[in-house]
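File shown: entry10.tsv. Contents: TSV, C-alpha atoms (C1' of nucleotides).
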```tsv
chain	number	residue	atom	x	y	z
A	1	MET	CA	-15.26	-17.46	-5.25
A	2	ARG	CA	-12.48	-15.03	-5.72
A	3	LEU	CA	-10.28	-14.27	-8.66
A	4	SER	CA	-8.00	-11.32	-8.20
A	5	THR	CA	-4.73	-9.98	-9.54
A	6	LYS	CA	-3.00	-12.00	-6.86
A	7	GLY	CA	-4.35	-15.19	-8.39
A	8	ARG	CA	-3.31	-13.92	-11.79
A	9	TYR	CA	0.26	-13.43	-10.60
A	10	ALA	CA	0.29	-16.96	-9.22
A	11	VAL	CA	-1.07	-18.51	-12.42
A	12	THR	CA	1.33	-16.46	-14.51
A	13	ALA	CA	4.29	-17.55	-12.39
A	14	MET	CA	3.24	-21.20	-12.52
A	15	LEU	CA	2.91	-20.95	-16.29
A	16	ASP	CA	6.41	-19.59	-16.43
A	17	LEU	CA	7.57	-22.57	-14.39
A	18	ALA	CA	5.75	-25.01	-16.64
A	19	LEU	CA	7.29	-23.45	-19.73
A	20	ASN	CA	10.87	-23.14	-18.47
A	21	GLY	CA	11.21	-25.91	-15.93
A	22	GLN	CA	11.95	-28.66	-18.45
A	23	ASP	CA	15.72	-28.54	-18.11
A	24	GLY	CA	16.52	-27.71	-14.53
A	25	PRO	CA	14.91	-25.57	-11.84
A	26	VAL	CA	13.79	-21.99	-12.42
A	27	THR	CA	14.82	-19.27	-9.99
A	28	LEU	CA	12.40	-16.73	-8.61
A	29	ALA	CA	14.82	-14.08	-9.83
A	30	ASP	CA	14.21	-15.32	-13.39
A	31	ILE	CA	10.45	-15.31	-12.98
A	32	SER	CA	10.65	-11.89	-11.40
A	33	GLU	CA	12.45	-10.55	-14.43
A	34	ASN	CA	10.40	-12.49	-16.98
A	35	GLN	CA	7.04	-11.53	-15.59
A	36	GLY	CA	7.72	-8.19	-13.94
A	37	ILE	CA	6.75	-9.28	-10.44
A	38	SER	CA	8.77	-8.25	-7.42
A	39	LEU	CA	11.03	-10.96	-6.03
A	40	SER	CA	9.80	-10.69	-2.48
A	41	TYR	CA	6.19	-10.82	-3.54
A	42	LEU	CA	6.95	-13.95	-5.53
A	43	GLU	CA	8.53	-15.44	-2.43
A	44	GLN	CA	5.30	-14.87	-0.55
A	45	LEU	CA	3.23	-16.41	-3.31
A	46	PHE	CA	5.56	-19.38	-3.56
A	47	ALA	CA	5.39	-19.93	0.18
A	48	ALA	CA	1.66	-20.53	-0.30
A	49	LEU	CA	2.17	-22.65	-3.42
A	50	ARG	CA	4.81	-24.68	-1.63
A	51	ALA	CA	2.49	-25.26	1.32
A	52	LYS	CA	0.00	-26.83	-1.08
A	53	LYS	CA	2.80	-28.87	-2.72
A	54	LEU	CA	2.22	-27.21	-6.07
A	55	VAL	CA	5.92	-26.35	-6.31
A	56	ARG	CA	9.11	-27.84	-4.94
A	57	GLY	CA	12.09	-25.67	-4.05
A	58	VAL	CA	15.77	-26.57	-4.40
A	59	ARG	CA	18.24	-24.47	-2.46
A	60	GLY	CA	21.74	-23.40	-3.22
A	61	PRO	CA	23.48	-22.36	-6.43
A	62	GLY	CA	21.83	-23.87	-9.47
A	63	GLY	CA	18.68	-24.25	-7.39
A	64	GLY	CA	15.23	-22.87	-8.00
A	65	TYR	CA	11.72	-24.24	-8.31
A	66	PHE	CA	10.10	-27.21	-10.01
A	67	LEU	CA	6.43	-27.93	-10.40
A	68	GLY	CA	5.30	-30.07	-7.49
A	69	ARG	CA	3.61	-32.52	-9.83
A	70	GLU	CA	2.99	-32.94	-13.55
A	71	ALA	CA	1.54	-29.93	-15.35
A	72	ASP	CA	-1.55	-31.92	-16.30
A	73	GLU	CA	-2.14	-32.63	-12.62
A	74	ILE	CA	-2.28	-28.95	-11.64
A	75	SER	CA	-5.52	-27.10	-12.25
A	76	ILE	CA	-6.03	-23.36	-12.34
A	77	ALA	CA	-8.40	-23.80	-9.40
A	78	ASN	CA	-5.59	-25.44	-7.42
A	79	ILE	CA	-3.34	-22.45	-7.98
A	80	ILE	CA	-5.91	-19.79	-7.18
A	81	CYS	CA	-7.08	-21.58	-4.07
A	82	ALA	CA	-3.49	-21.85	-2.84
A	83	VAL	CA	-2.88	-18.10	-2.83
A	84	ASP	CA	-6.38	-16.73	-2.36
A	85	GLU	CA	-7.71	-18.73	0.57
A	86	TRP	CA	-10.97	-19.36	-1.15
A	87	VAL	CA	-13.34	-19.83	1.75
A	88	GLU	CA	-17.09	-20.13	1.62
A	89	PHE	CA	-18.26	-17.01	3.32
A	90	THR	CA	-21.95	-16.94	2.60
A	91	ARG	CA	-23.59	-19.59	4.60
A	92	CYS	CA	-26.60	-19.00	6.73
A	93	GLN	CA	-26.25	-21.50	9.49
A	94	GLY	CA	-29.75	-22.83	9.12
A	95	LYS	CA	-30.93	-20.62	11.91
A	96	GLN	CA	-31.76	-16.92	11.95
A	97	ASP	CA	-34.34	-15.58	9.50
A	98	CYS	CA	-33.78	-18.50	7.27
A	99	ARG	CA	-37.14	-20.20	6.78
A	100	GLY	CA	-38.59	-18.76	3.62
A	101	GLY	CA	-36.17	-15.88	3.85
A	102	GLN	CA	-34.91	-14.44	0.61
A	103	ARG	CA	-31.43	-14.06	1.94
A	104	CYS	CA	-30.76	-17.74	2.20
A	105	LEU	CA	-32.16	-18.41	-1.25
A	106	THR	CA	-29.96	-15.90	-3.00
A	107	HIS	CA	-27.00	-17.05	-0.94
A	108	SER	CA	-27.46	-20.64	-1.94
A	109	LEU	CA	-27.88	-19.59	-5.56
A	110	TRP	CA	-24.61	-17.73	-5.31
A	111	ASP	CA	-22.98	-20.74	-3.71
A	112	ASP	CA	-24.15	-22.89	-6.61
A	113	LEU	CA	-22.72	-20.43	-9.08
A	114	SER	CA	-19.50	-20.23	-7.11
A	115	ARG	CA	-19.19	-23.99	-7.23
A	116	GLN	CA	-19.82	-24.00	-10.98
A	117	ILE	CA	-17.00	-21.56	-11.52
A	118	TYR	CA	-14.75	-23.67	-9.36
A	119	ASP	CA	-15.59	-26.82	-11.31
A	120	PHE	CA	-14.87	-24.95	-14.52
A	121	LEU	CA	-11.43	-23.80	-13.36
A	122	GLU	CA	-10.74	-27.24	-11.94
A	123	GLU	CA	-11.03	-28.64	-15.46
A	124	ILE	CA	-8.32	-26.42	-16.92
A	125	THR	CA	-4.75	-27.52	-16.22
A	126	LEU	CA	-1.38	-25.87	-16.68
A	127	ALA	CA	-0.70	-28.46	-19.38
A	128	ASP	CA	-3.80	-27.27	-21.26
A	129	LEU	CA	-2.51	-23.72	-21.27
A	130	VAL	CA	0.96	-24.75	-22.37
A	131	GLU	CA	-0.56	-26.85	-25.14
A	132	ARG	CA	-2.66	-23.91	-26.22
A	133	GLY	CA	0.47	-21.77	-26.39
A	134	ARG	CA	2.19	-24.31	-28.61
A	135	ASN	CA	-0.68	-24.48	-31.08
A	136	SER	CA	-1.12	-20.79	-31.62
A	137	ASP	CA	1.93	-18.82	-32.73
A	138	ALA	CA	1.25	-17.24	-29.41
A	139	GLY	CA	4.51	-15.42	-28.88
A	140	CYS	CA	3.24	-11.98	-29.57
A	141	HIS	CA	0.32	-11.65	-31.91
A	142	LYS	CA	-1.54	-8.44	-31.47
A	143	HIS	CA	-5.08	-9.53	-30.87
A	144	LYS	CA	-7.90	-7.15	-31.58
A	145	ASP	CA	-9.44	-6.97	-28.14
A	146	GLU	CA	-11.44	-3.86	-28.81
A	147	ASP	CA	-14.48	-5.94	-29.73
A	148	LEU	CA	-14.02	-8.00	-26.63
A	149	LEU	CA	-13.78	-4.92	-24.47
A	150	ASP	CA	-16.94	-3.45	-25.95
A	151	GLU	CA	-18.69	-6.71	-25.39
A	152	MET	CA	-17.50	-6.84	-21.81
A	153	THR	CA	-18.15	-3.33	-20.72
A	154	GLY	CA	-21.73	-2.88	-21.65
A	155	LYS	CA	-23.64	-2.07	-24.82
A	156	ALA	CA	-24.74	-5.70	-24.95
A	157	ALA	CA	-28.27	-4.38	-24.84
B	1	MET	CA	-10.53	-11.10	-14.90
B	2	ARG	CA	-11.71	-10.20	-11.51
B	3	LEU	CA	-14.30	-11.74	-9.29
B	4	SER	CA	-14.48	-10.28	-5.82
B	5	THR	CA	-16.92	-9.93	-2.97
B	6	LYS	CA	-18.07	-6.72	-4.58
B	7	GLY	CA	-19.23	-8.65	-7.62
B	8	ARG	CA	-20.89	-11.14	-5.33
B	9	TYR	CA	-22.85	-8.38	-3.63
B	10	ALA	CA	-23.98	-7.12	-7.01
B	11	VAL	CA	-25.07	-10.55	-8.25
B	12	THR	CA	-26.82	-11.24	-4.95
B	13	ALA	CA	-28.70	-7.95	-5.13
B	14	MET	CA	-29.68	-8.52	-8.76
B	15	LEU	CA	-30.93	-11.97	-7.85
B	16	ASP	CA	-33.04	-10.41	-5.14
B	17	LEU	CA	-34.45	-8.02	-7.73
B	18	ALA	CA	-35.20	-10.85	-10.13
B	19	LEU	CA	-36.97	-12.83	-7.42
B	20	ASN	CA	-39.01	-10.00	-5.91
B	21	GLY	CA	-39.49	-7.57	-8.78
B	22	GLN	CA	-42.46	-9.38	-10.31
B	23	ASP	CA	-45.14	-7.26	-8.70
B	24	GLY	CA	-43.80	-3.76	-8.42
B	25	PRO	CA	-40.38	-2.21	-7.83
B	26	VAL	CA	-38.07	-3.31	-5.04
B	27	THR	CA	-36.52	-0.73	-2.74
B	28	LEU	CA	-32.88	-0.73	-1.83
B	29	ALA	CA	-33.99	-0.67	1.79
B	30	ASP	CA	-35.66	-4.04	1.22
B	31	ILE	CA	-32.60	-5.52	-0.46
B	32	SER	CA	-30.43	-4.10	2.29
B	33	GLU	CA	-32.49	-5.89	4.91
B	34	ASN	CA	-32.95	-9.09	2.89
B	35	GLN	CA	-29.31	-9.51	2.02
B	36	GLY	CA	-27.54	-7.79	4.87
B	37	ILE	CA	-25.80	-5.19	2.73
B	38	SER	CA	-25.54	-1.57	3.84
B	39	LEU	CA	-27.96	0.77	2.10
B	40	SER	CA	-25.36	3.27	1.02
B	41	TYR	CA	-23.11	0.59	-0.39
B	42	LEU	CA	-26.05	-0.72	-2.38
B	43	GLU	CA	-26.63	2.78	-3.70
B	44	GLN	CA	-23.06	2.84	-4.96
B	45	LEU	CA	-23.39	-0.54	-6.60
B	46	PHE	CA	-26.71	0.42	-8.18
B	47	ALA	CA	-25.22	3.61	-9.55
B	48	ALA	CA	-22.86	1.40	-11.55
B	49	LEU	CA	-25.61	-1.05	-12.50
B	50	ARG	CA	-27.84	1.83	-13.59
B	51	ALA	CA	-25.06	3.29	-15.72
B	52	LYS	CA	-24.95	0.00	-17.63
B	53	LYS	CA	-28.77	-0.06	-17.87
B	54	LEU	CA	-28.94	-3.28	-15.91
B	55	VAL	CA	-31.49	-1.73	-13.54
B	56	ARG	CA	-34.07	1.04	-13.82
B	57	GLY	CA	-34.93	3.24	-10.85
B	58	VAL	CA	-38.34	4.71	-10.03
B	59	ARG	CA	-38.37	7.58	-7.57
B	60	GLY	CA	-40.87	8.63	-5.01
B	61	PRO	CA	-43.14	6.67	-2.67
B	62	GLY	CA	-43.89	3.21	-3.99
B	63	GLY	CA	-40.75	3.51	-6.08
B	64	GLY	CA	-37.72	1.26	-6.18
B	65	TYR	CA	-35.80	-0.68	-8.80
B	66	PHE	CA	-36.70	-2.93	-11.71
B	67	LEU	CA	-34.40	-5.02	-13.81
B	68	GLY	CA	-33.31	-3.01	-16.82
B	69	ARG	CA	-34.19	-5.85	-19.16
B	70	GLU	CA	-35.52	-9.40	-18.94
B	71	ALA	CA	-33.77	-11.72	-16.51
B	72	ASP	CA	-32.77	-14.03	-19.35
B	73	GLU	CA	-31.07	-11.09	-21.05
B	74	ILE	CA	-28.77	-10.34	-18.10
B	75	SER	CA	-25.68	-12.47	-17.70
B	76	ILE	CA	-23.53	-12.83	-14.60
B	77	ALA	CA	-20.67	-11.40	-16.65
B	78	ASN	CA	-22.74	-8.29	-17.35
B	79	ILE	CA	-23.28	-7.72	-13.64
B	80	ILE	CA	-19.70	-8.31	-12.57
B	81	CYS	CA	-18.32	-6.12	-15.33
B	82	ALA	CA	-20.66	-3.31	-14.32
B	83	VAL	CA	-19.34	-3.05	-10.78
B	84	ASP	CA	-15.79	-4.34	-11.16
B	85	GLU	CA	-14.45	-2.36	-14.09
B	86	TRP	CA	-13.02	-5.42	-15.67
B	87	VAL	CA	-10.22	-4.05	-17.81
B	88	GLU	CA	-7.59	-5.98	-19.65
B	89	PHE	CA	-4.44	-5.03	-17.85
B	90	THR	CA	-1.89	-7.46	-19.19
B	91	ARG	CA	-1.09	-6.51	-22.68
B	92	CYS	CA	2.39	-6.06	-23.95
B	93	GLN	CA	2.02	-3.50	-26.66
B	94	GLY	CA	3.90	-5.51	-29.24
B	95	LYS	CA	7.07	-3.63	-28.49
B	96	GLN	CA	9.51	-3.99	-25.59
B	97	ASP	CA	11.06	-7.37	-24.88
B	98	CYS	CA	8.30	-9.05	-26.73
B	99	ARG	CA	9.88	-11.08	-29.49
B	100	GLY	CA	10.39	-14.51	-28.06
B	101	GLY	CA	10.03	-13.12	-24.57
B	102	GLN	CA	8.38	-15.38	-22.04
B	103	ARG	CA	6.44	-12.54	-20.53
B	104	CYS	CA	4.26	-11.99	-23.56
B	105	LEU	CA	3.57	-15.69	-23.95
B	106	THR	CA	2.36	-16.19	-20.40
B	107	HIS	CA	0.39	-12.95	-20.62
B	108	SER	CA	-1.42	-14.06	-23.73
B	109	LEU	CA	-2.11	-17.42	-22.16
B	110	TRP	CA	-3.60	-15.64	-19.18
B	111	ASP	CA	-5.64	-13.46	-21.49
B	112	ASP	CA	-7.01	-16.56	-23.21
B	113	LEU	CA	-7.95	-18.05	-19.87
B	114	SER	CA	-9.50	-14.78	-18.79
B	115	ARG	CA	-11.61	-14.72	-21.91
B	116	GLN	CA	-12.71	-18.29	-21.33
B	117	ILE	CA	-13.91	-17.43	-17.85
B	118	TYR	CA	-15.74	-14.44	-19.24
B	119	ASP	CA	-17.45	-16.55	-21.92
B	120	PHE	CA	-18.48	-19.00	-19.24
B	121	LEU	CA	-20.05	-16.34	-17.04
B	122	GLU	CA	-21.63	-14.74	-20.07
B	123	GLU	CA	-23.60	-17.95	-20.64
B	124	ILE	CA	-25.24	-17.91	-17.22
B	125	THR	CA	-28.20	-15.56	-16.85
B	126	LEU	CA	-30.17	-14.33	-13.88
B	127	ALA	CA	-33.09	-16.33	-15.24
B	128	ASP	CA	-30.98	-19.49	-15.09
B	129	LEU	CA	-30.25	-18.91	-11.43
B	130	VAL	CA	-33.88	-18.17	-10.62
B	131	GLU	CA	-34.92	-21.32	-12.47
B	132	ARG	CA	-32.35	-23.31	-10.53
B	133	GLY	CA	-33.79	-21.94	-7.30
B	134	ARG	CA	-37.27	-23.05	-8.28
B	135	ASN	CA	-36.20	-26.58	-9.07
B	136	SER	CA	-34.31	-27.26	-5.90
B	137	ASP	CA	-36.09	-26.80	-2.58
B	138	ALA	CA	-33.39	-24.25	-2.26
B	139	GLY	CA	-34.81	-22.24	0.61
B	140	CYS	CA	-32.49	-23.44	3.28
B	141	HIS	CA	-31.08	-26.89	2.93
B	142	LYS	CA	-27.94	-27.44	4.88
B	143	HIS	CA	-25.48	-28.68	2.32
B	144	LYS	CA	-22.45	-30.61	3.41
B	145	ASP	CA	-19.76	-28.37	2.07
B	146	GLU	CA	-16.97	-29.85	4.11
B	147	ASP	CA	-16.05	-32.20	1.26
B	148	LEU	CA	-16.10	-29.30	-1.15
B	149	LEU	CA	-13.89	-27.26	1.11
B	150	ASP	CA	-11.38	-30.07	1.43
B	151	GLU	CA	-11.38	-30.45	-2.29
B	152	MET	CA	-10.85	-26.75	-2.78
B	153	THR	CA	-8.20	-26.07	-0.23
B	154	GLY	CA	-5.64	-28.66	-1.11
B	155	LYS	CA	-5.12	-32.33	-0.42
B	156	ALA	CA	-5.98	-33.01	-4.06
B	157	ALA	CA	-2.54	-34.51	-4.34
C	1	DT	C1'	36.56	-24.59	4.75
C	2	DC	C1'	34.62	-20.66	2.68
C	3	DA	C1'	32.02	-17.85	-0.23
C	4	DA	C1'	28.37	-17.36	-3.41
C	5	DT	C1'	23.84	-18.61	-4.42
C	6	DT	C1'	19.20	-19.38	-3.71
C	7	DC	C1'	15.50	-20.74	-1.06
C	8	DC	C1'	13.12	-19.46	3.07
C	9	DC	C1'	11.11	-16.46	6.81
C	10	DT	C1'	9.32	-12.31	9.34
C	11	DA	C1'	8.10	-7.62	9.95
C	12	DG	C1'	6.73	-3.40	8.26
C	13	DT	C1'	4.31	-0.30	4.90
C	14	DA	C1'	2.41	2.46	0.89
C	15	DA	C1'	-1.29	2.08	-2.25
C	16	DT	C1'	-5.51	0.40	-3.42
C	17	DT	C1'	-9.99	-1.58	-2.74
C	18	DT	C1'	-13.89	-2.72	0.09
C	19	DA	C1'	-17.62	-1.55	2.72
C	20	DC	C1'	-19.62	1.68	5.22
C	21	DT	C1'	-21.34	6.42	7.49
C	22	DA	C1'	-23.05	10.87	6.93
C	23	DA	C1'	-25.46	14.41	4.87
C	24	DG	C1'	-27.40	16.01	1.69
C	25	DT	C1'	-30.61	16.93	-3.22
C	26	DT	C1'	-34.29	15.65	-6.53
C	27	DA	C1'	-38.43	13.50	-8.21
C	28	DT	C1'	-42.91	11.64	-7.28
C	29	DA	C1'	-47.09	9.56	-5.08
C	30	DA	C1'	-50.58	10.30	-1.70
D	1	DT	C1'	-47.24	19.68	1.00
D	2	DT	C1'	-45.27	15.92	3.01
D	3	DA	C1'	-43.33	11.50	3.14
D	4	DT	C1'	-40.86	8.39	0.32
D	5	DA	C1'	-37.19	6.67	-2.08
D	6	DA	C1'	-34.04	7.35	-5.77
D	7	DC	C1'	-29.81	9.85	-6.52
D	8	DT	C1'	-25.21	12.21	-5.24
D	9	DT	C1'	-20.89	13.39	-2.94
D	10	DA	C1'	-17.44	13.26	0.59
D	11	DG	C1'	-15.09	11.04	4.01
D	12	DT	C1'	-13.23	6.85	6.43
D	13	DA	C1'	-12.14	2.35	8.86
D	14	DA	C1'	-10.79	-2.11	7.61
D	15	DA	C1'	-8.91	-5.27	4.62
D	16	DT	C1'	-6.09	-6.61	0.78
D	17	DT	C1'	-2.41	-6.03	-2.48
D	18	DA	C1'	2.15	-5.50	-3.67
D	19	DC	C1'	6.24	-4.31	-2.18
D	20	DT	C1'	10.81	-3.22	0.81
D	21	DA	C1'	14.08	-4.55	4.16
D	22	DG	C1'	16.75	-7.58	6.59
D	23	DG	C1'	17.75	-11.31	7.88
D	24	DG	C1'	18.59	-17.00	8.25
D	25	DA	C1'	19.40	-21.90	6.30
D	26	DA	C1'	20.79	-25.13	2.86
D	27	DT	C1'	23.69	-26.25	-0.92
D	28	DT	C1'	27.19	-25.92	-4.54
D	29	DG	C1'	31.80	-25.22	-6.11
D	30	DA	C1'	36.29	-23.13	-5.45
```
Any chance you could put this one into C-alpha cells?
Amino acid sequence: MRLSTKGRYAVTAMLDLALNGQDGPVTLADISENQGISLSYLEQLFAALRAKKLVRGVRGPGGGYFLGREADEISIANIICAVDEWVEFTRCQGKQDCRGGQRCLTHSLWDDLSRQIYDFLEEITLADLVERGRNSDAGCHKHKDEDLLDEMTGKAA
Amino acid sequence: MRLSTKGRYAVTAMLDLALNGQDGPVTLADISENQGISLSYLEQLFAALRAKKLVRGVRGPGGGYFLGREADEISIANIICAVDEWVEFTRCQGKQDCRGGQRCLTHSLWDDLSRQIYDFLEEITLADLVERGRNSDAGCHKHKDEDLLDEMTGKAA
DNA sequence: TCAATTCCCTAGTAATTTACTAAGTTATAA
DNA sequence: TTATAACTTAGTAAATTACTAGGGAATTGA
C-alpha cells in the first residue's frame, strides 16, 4: 500500500470538514487557511474525493463542501485510496519463474501485509478521530515525542 | 507516516534475506535477481539498513548479507523507518495560531493516527511473515484480488 | 439582471523522490 | 594474486508532489 504526504493532506482536510461542517458547508479557502495547504492543490484533492463521493460540493456564495456521508461511514482507508490510487502492483501472473521461485513468495507475503494494513485503516473512521479529539484536551498540548522519535529511528536493538 | 514503494522494496529484500539466509550469507546479486530490483538500488537501500544495524555485510568471495539480529527482533516498522526517514513533520511548536486553532487540532489527530499505524507495524516481525509463508502454500496461488480491489477503490458507499 | 462567490476544470511547472546506471574502492576467500 | 562481493559516490531519467495560472459554470443576493 501507499501512505504519503498526499494522503496526509487529504485526511487532514477531511478532518477539518468533519470538525467544521456541522453548521453549513466549509469552503476550500477556509481549509486552505486553516491547514496551510494551497487552494489549488486542495481543489485537485477534492476532485478525487468528490469522484469517490466522499465529499459533496455546493456552489455559489455561502457554498462549500460537506462530507459525502456520515463521519462514521468514512474510513481513513477510503480517503487515502481516493487520492492515492492504491493499486496492487506486485502480482506475478502465475507464469514466469513462479513455481518455487522466491520472488512470488515474498511478493505474496508483502501482499498479505499490505492487506492487513488496509484492513487496519479501514477500521478507523473520521468519527473515531473526532471523538478522540473531544476526549483529549487536544487543542495544543505539547507532547513529548522525543521518545517516540528515538523508538522510531533505530536504537531499538 | 510514510509507506512507499521504497519501503516495500526494503521489506521484500529483508524477507528474502530471512528466507534464504539460513545457510550462509545472501548476496545482493541474488536478491536482485530473485526480486527484480536493480543491484545498485539494493546497495543504496542496504546502506541505510546497515546503518540501522538491521543487516550485517560480509565482504569477499562467499560473502553477502545476514540479518543484523533475529528475524523475530526485526519489525516492519524498523525496516520502513530505516529507508524512509520517517520524521514527524506536522508539529505546531505551541506558538503561532495555535490556541483554539483548527490546524493544531487536526495535526495532533493526524499525529495520533500516525503513531497508531507505527505501533501496528511495530508489532509485525519478519519472523511473523516467514511463519505465515510456511503455513499457507504461499508459493504461487492465484488469489482473486478483484473483490479486494473493488473494495479498496470505492463503491463502498 | 448583474455581480460576487465558490465550486469546478485544465494545463503547465518547480521541487522532490524514486529507481537506476556508471565507475569506482576496499576487504577477503581461494 | 585474483576473483568476489561488499561498500561508496556521482549523475540522471522518470515519476510524484505541490503548486501557479487562468479560466468556466452554478448559485446567491443586490
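The gap separating atom CA of Asn78 of chain B from atom CA of Lys52 of chain B is 8.6 Å, in Å to one decimal.
Interatomic distance, atom CA of Leu67 of chain B against atom CA of Gln22 of chain B: 9.8 Å.
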So the first atom is atom CA of Ile76 of chain A and the second is atom CA of Leu45 of chain A; what is the distance between them in Å, to one decimal place?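 About the pair atom CA of Ile76 of chain A and atom CA of Leu45 of chain A: they are 14.7 Å apart.
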Sorted by chain and rising residue number, list the residues of chain D at most 7 Å from chain B (counting all atoms listed in the file), each with its closest atom pair and distance in Å to one decimal, as CSV.
```
residue,atom,partner,partner_atom,distance
D:DT4,C1',B:Pro61,CA,4.1
D:DA5,C1',B:Gly60,CA,5.1
D:DA6,C1',B:Arg59,CA,4.7
```
At most 12 Å to chain B: residues in chain C, only C-alpha atoms (C1' of nucleotides), as a CSV table (one decimal) with C-alpha atoms (C1' of nucleotides), keeping the file's coordinate frame:
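For reference, part-v3.csv as written:
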```csv
chain,number,residue,atom,x,y,z
C,17,DT,C1',-10.0,-1.6,-2.7
C,18,DT,C1',-13.9,-2.7,0.1
C,19,DA,C1',-17.6,-1.6,2.7
C,20,DC,C1',-19.6,1.7,5.2
C,21,DT,C1',-21.3,6.4,7.5
C,22,DA,C1',-23.0,10.9,6.9
C,23,DA,C1',-25.5,14.4,4.9
C,26,DT,C1',-34.3,15.6,-6.5
C,27,DA,C1',-38.4,13.5,-8.2
C,28,DT,C1',-42.9,11.6,-7.3
C,29,DA,C1',-47.1,9.6,-5.1
C,30,DA,C1',-50.6,10.3,-1.7
```
How big is the axis-aligned box around the listed atoms of segment 13-28 of chain A once 6 Å is added on each side, and where is its centre? Give both in Å to one decimal, as JSON.
```
{"center_x": 9.7, "center_y": -22.7, "center_z": -14.2, "size_x": 25.6, "size_y": 23.9, "size_z": 23.1}
```
Using all atoms listed in the file for the distances, tell me which of B:Val55, B:Ile117, B:Leu17, B:Leu3 is nearest to chain A. B:Leu3
Around (9.5, -15.5, 9.9) in the file's own coordinates, what residues are found within 10 Å if you use all atoms listed in the file, given back as a ChimeraX atom specification? /C:8-11 /D:23-24
Let me see the file: selected residues, C-alpha atoms (C1' of nucleotides), as a compact mmCIF listing (two decimals), in the coordinates of the input.
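That gives us part-v2.txt:
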```txt
# COMPACT_ATOMS: atom_id res chain seq x y z
C1' DC C 8 13.12 -19.46 3.07
C1' DC C 9 11.11 -16.46 6.81
C1' DT C 10 9.32 -12.31 9.34
C1' DA C 11 8.10 -7.62 9.95
C1' DG D 23 17.75 -11.31 7.88
C1' DG D 24 18.59 -17.00 8.25
```
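Nearest-residue note for chain A: choosing from B:Thr106, B:Ala10, B:Leu49, B:Gly24, the minimum distance belongs to B:Thr106, counting all atoms listed in the file.
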Restricting the calculation to all atoms listed in the file: of A:Asp84, A:Glu33, A:Asp23, A:Asp112, which residue gets closest to DT17 of chain D?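 Looking only at the distances to DT17 of chain D, the closest residue turns out to be A:Asp84.
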